[in-house]
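Student: The structure follows.
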Amino acid sequence: MATKPTSFIARAPGRVNLIGDHTDYTGGLVLPMTIDRWTVIRGTRRPSGGDGRVSLVSADEPEPLRLDLPVADPATVEPHWGRYVAGVAAEMREPMAIEGHITTDIPVGAGLSSSAALELVAALALGFDGTPTELALLGQRAEQRASGVPCGIMDQLCIAAGVADHALLIDCHSLSVQPVSLPDGIEVVVRFVVHRTLAGSEYAERVEQCAIAEREIGPLRLATPDSVATIGDARIRRRARHVVTENGRVREFAAALADDDLNRAGELMAASHASLRDDYETSTAAMDVAVEQLMGTPGVYGARITGGGFGGCVVALAEPGAITDGWSVRAVDGASIMIDTEG
Ligand code: GLA
């Protein structure tokens, strides 16, 4: 006898990274927070035994997703947005058959992790059962399979483990997550600058350059400025210097927030931007202009590019109301699902 379908509503927020970019894939430190924008799936599901169908309509996409389980190769699924859902289904042992409707207010291609939110909300809808860390690791594998981008764990772990009103200090080696409360009387503002995609960007090349540095001096998360200085190739040395100094800035930033030292926190954000611009070369002229403009605005403590780079958004820490052109964002709880047990 066929099981009755169960109704559910699953949702996952986006994220913005306050500091610690291009450190996660070397097991470094990051300090992101979730934002109060969500991707939501409303639908019904039933156990499939692994060979049912996923049927999803998105409010923002012309083409629906009709996916037969099991999924062989997520990277070839059409429409393109369905690859993230397919990646998740391919990574799950027995994904459920679902029918549903997706909405989102996370801008796509803006560096606010719309794809990670889609992966996590899809995993919950498809019946994922496990810890936030396991959910994040599943999402990361799905992203890598769907997009071919060798991304780190930051986005998925932030979205899985989010805590309202807190940023998260994440050690991407141990995967420990420490909520860091945001001081009263500050505003986190995100300003969109330009669309970007990490597939086809130099993201993978940066990951490879870090691997080259690690073959020369060992794990970058343990490296010192002195060991970085011994790297022979000047470009690889600059990339490693960014990672090592950025890990230090994340540590100091968390301490500055705990001490309510917002000026110091702002200086660290500015230094992080300079390092991504000069040593890591993942900023662009338009992003630099946006950061300079924000840094020159009265009441702004600090500003920087956020996320993978090559475009996207900048983030600023400011006195409330100081920035009029941007989204004021609030940290919210991580991805969750509500299941109608009566249904
Ligand atoms: C993207 C990736 C993350 C991380 C950032 C840069 O968002 O998905 O894993 O590497 O870029 O910090």
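Following the order of the structure tokens, first chain is A, next is B, and so on, with residues numbered from 1 inside each chain and ligands from 1 in the order they appear.
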Could the residues that lie within 8 Å of ligand 1, counting only C-alpha atoms and all ligand atoms, be listed as a list of chain:residue names?
Tutor: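 Counting only C-alpha atoms and all ligand atoms, the residues within 8 Å of ligand 1 come out as A:Asn17, A:Gly20, A:Asp21, A:His22, A:Thr23, A:Asp24, A:Tyr25, A:Val30, A:Gly111, A:Leu112, A:Ser113, A:Ala116, A:Pro150, A:Cys151, A:Gly152, A:Ile153, A:Met154, A:Asp155, A:Leu198, A:Tyr203, A:Thr306, A:Gly307, A:Gly308, A:Gly309.
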Student: Would you export the selected residues with C-alpha atoms as a PDB file, in the first residue's frame, please?
Tutor:
ATOM      1  CA  ASN A  17      30.985  36.582   5.919  1.00  0.00           C
ATOM      2  CA  GLY A  20      37.980  35.208   7.110  1.00  0.00           C
ATOM      3  CA  ASP A  21      37.736  34.688   3.365  1.00  0.00           C
ATOM      4  CA  HIS A  22      39.647  32.115   1.340  1.00  0.00           C
ATOM      5  CA  THR A  23      40.787  30.368   4.497  1.00  0.00           C
ATOM      6  CA  ASP A  24      38.179  27.586   4.791  1.00  0.00           C
ATOM      7  CA  TYR A  25      39.612  25.202   2.184  1.00  0.00           C
ATOM      8  CA  VAL A  30      36.147  32.116   9.343  1.00  0.00           C
ATOM      9  CA  GLY A 111      28.004  36.084  -2.828  1.00  0.00           C
ATOM     10  CA  LEU A 112      25.330  35.505  -0.154  1.00  0.00           C
ATOM     11  CA  SER A 113      25.313  31.692  -0.546  1.00  0.00           C
ATOM     12  CA  ALA A 116      24.325  26.588  -0.205  1.00  0.00           C
ATOM     13  CA  PRO A 150      36.117  22.954  -5.065  1.00  0.00           C
ATOM     14  CA  CYS A 151      34.424  25.083  -2.383  1.00  0.00           C
ATOM     15  CA  GLY A 152      35.196  24.948   1.327  1.00  0.00           C
ATOM     16  CA  ILE A 153      32.772  24.268   4.193  1.00  0.00           C
ATOM     17  CA  MET A 154      32.082  27.819   5.437  1.00  0.00           C
ATOM     18  CA  ASP A 155      28.804  28.576   3.681  1.00  0.00           C
ATOM     19  CA  LEU A 198      32.512  31.145  -8.983  1.00  0.00           C
ATOM     20  CA  TYR A 203      38.459  30.296  -7.393  1.00  0.00           C
ATOM     21  CA  THR A 306      32.651  39.265   1.358  1.00  0.00           C
ATOM     22  CA  GLY A 307      32.644  35.647   0.162  1.00  0.00           C
ATOM     23  CA  GLY A 308      34.370  34.175  -2.860  1.00  0.00           C
ATOM     24  CA  GLY A 309      35.079  37.514  -4.525  1.00  0.00           C
TER      25      GLY A 309
END
Student: Within 7 Å of region 34-47 of chain A, counting only C-alpha atoms, which residues show up once you throw out same-chain ones fewer than 3 positions away? Write them as number ranges by chain, please.
Tutor: A: 3-16, 96-106, 117-118, 121, 158-159, 162, 329-332
Student: So, with only C-alpha atoms as the atoms that count, which of A:Leu69, A:Ala136, A:Ala146, A:Ala240 lies closest to Val85 (chain A)?
Tutor: A:Ala146
Student: When you count only C-alpha atoms, which of these residues is closest to Glu63 (chain A): A:Gly218, A:Val300, A:Met33, A:Pro79?
Tutor: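 Closest to Glu63 (chain A), using only C-alpha atoms: A:Pro79.
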Student: Have a look at A:Gly334, A:Pro64, A:Pro225, A:Gly27 and name the one nearest to Leu175 (chain A); count only C-alpha atoms.
Tutor: A:Gly27
Student: Find, counting only C-alpha atoms, the residue in A:Gly185, A:Gly200, A:Gly266, A:Gly248 that gets nearest to Glu319 (chain A).
Tutor: A:Gly185
Student: Compare A:Leu294, A:Leu29, A:Val289, A:Val71 by their minimum atom-to-atom distance to Ser174 (chain A), counting only C-alpha atoms, and give me the closest one.
Tutor: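 Among A:Leu294, A:Leu29, A:Val289, A:Val71, it is A:Leu29 that comes nearest to Ser174 (chain A).
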Student: Can you pull out every residue within 9 Å of Leu157 (chain A), counting only C-alpha atoms, but drop anything in the same chain fewer than 6 positions away, and send it as a list in words?
Tutor: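 Result of the neighbour search: Pro132, Thr133, Glu134, Leu135, Ala136, Leu137, Gly139, Gln140, Ile170, Leu175 and Val177 of chain A.
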Student: DSSP on the backbone: what in region 114-319 of chain A comes out strand (DSSP E), as JSON, numbers by chain?
Tutor: {"A": [166, 167, 168, 169, 170, 171, 176, 177, 178, 179, 180, 181, 187, 188, 189, 190, 191, 192, 193, 194, 300, 301, 302, 303, 304, 305, 306, 312, 313, 314, 315, 316, 317, 318]}
Student: Could you write out the selected residues, including C-alpha atoms, as a PDB file, in the first residue's frame?
Tutor:
ATOM      1  CA  HIS A 166      25.223  35.710  16.656  1.00  0.00           C
ATOM      2  CA  ALA A 167      28.061  35.435  14.189  1.00  0.00           C
ATOM      3  CA  LEU A 168      29.910  32.094  14.168  1.00  0.00           C
ATOM      4  CA  LEU A 169      33.617  31.581  14.724  1.00  0.00           C
ATOM      5  CA  ILE A 170      34.276  28.397  12.743  1.00  0.00           C
ATOM      6  CA  ASP A 171      37.466  26.375  12.737  1.00  0.00           C
ATOM      7  CA  SER A 176      33.998  23.483  15.695  1.00  0.00           C
ATOM      8  CA  VAL A 177      31.454  26.301  15.706  1.00  0.00           C
ATOM      9  CA  GLN A 178      31.492  28.960  18.405  1.00  0.00           C
ATOM     10  CA  PRO A 179      28.642  31.515  18.447  1.00  0.00           C
ATOM     11  CA  VAL A 180      29.967  35.059  18.936  1.00  0.00           C
ATOM     12  CA  SER A 181      27.388  37.567  20.133  1.00  0.00           C
ATOM     13  CA  GLU A 187      24.417  47.341  12.260  1.00  0.00           C
ATOM     14  CA  VAL A 188      25.722  44.859   9.687  1.00  0.00           C
ATOM     15  CA  VAL A 189      25.003  46.229   6.233  1.00  0.00           C
ATOM     16  CA  VAL A 190      25.372  44.376   2.942  1.00  0.00           C
ATOM     17  CA  ARG A 191      25.665  46.284  -0.313  1.00  0.00           C
ATOM     18  CA  PHE A 192      25.277  44.481  -3.621  1.00  0.00           C
ATOM     19  CA  VAL A 193      27.830  45.585  -6.220  1.00  0.00           C
ATOM     20  CA  VAL A 194      27.828  43.197  -9.181  1.00  0.00           C
ATOM     21  CA  VAL A 300      31.211  53.150   9.434  1.00  0.00           C
ATOM     22  CA  TYR A 301      33.719  51.099  11.466  1.00  0.00           C
ATOM     23  CA  GLY A 302      34.896  48.892   8.647  1.00  0.00           C
ATOM     24  CA  ALA A 303      34.006  47.428   5.260  1.00  0.00           C
ATOM     25  CA  ARG A 304      35.267  44.660   3.003  1.00  0.00           C
ATOM     26  CA  ILE A 305      34.453  42.397   0.105  1.00  0.00           C
ATOM     27  CA  THR A 306      32.651  39.265   1.358  1.00  0.00           C
ATOM     28  CA  GLY A 312      29.179  40.003  -5.358  1.00  0.00           C
ATOM     29  CA  CYS A 313      28.598  42.080  -2.222  1.00  0.00           C
ATOM     30  CA  VAL A 314      30.556  44.176   0.244  1.00  0.00           C
ATOM     31  CA  VAL A 315      29.775  44.094   3.970  1.00  0.00           C
ATOM     32  CA  ALA A 316      30.136  46.884   6.506  1.00  0.00           C
ATOM     33  CA  LEU A 317      29.963  47.227  10.277  1.00  0.00           C
ATOM     34  CA  ALA A 318      28.417  50.573  11.189  1.00  0.00           C
TER      35      ALA A 318
END
Student: Would you please give, as a ChimeraX atom specification, all residues of region 219-276 of chain A that DSSP assigns to helix (DSSP H, G or I) based on the backbone?
Tutor: /A:220-222,225-229,234-258,262-276
Student: Expressed in Å to a single decimal, how great is the separation between CA of Asp278 (chain A) and CA of Ser328 (chain A)?
Tutor: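 That distance, rounded to one decimal, is 28.0 Å.
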Student: Enter the distance from CA of Ala211 (chain A) to CA of Cys172 (chain A), in Å, rounded to one decimal.
Tutor: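 Value for the CA of Ala211 (chain A)-CA of Cys172 (chain A) distance: 15.7 Å.
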Student: Which residues, written as a ChimeraX atom specification, have at least one atom at most 7 Å from Arg145 (chain A), with only C-alpha atoms counted and residues fewer than 6 positions away on the same chain left out?
Tutor: /A:74-75,87
Student: Asp226 (chain A): which residues within 12 Å, counting only C-alpha atoms, same-chain residues fewer than 6 positions away excluded, as a ChimeraX atom specification?
Tutor: /A:217,220,237,240-241,244-245
Student: May I ask for the distance between CA of Gly299 (chain A) and CA of Phe253 (chain A), given in Å to one decimal place?
Tutor: 18.4 Å
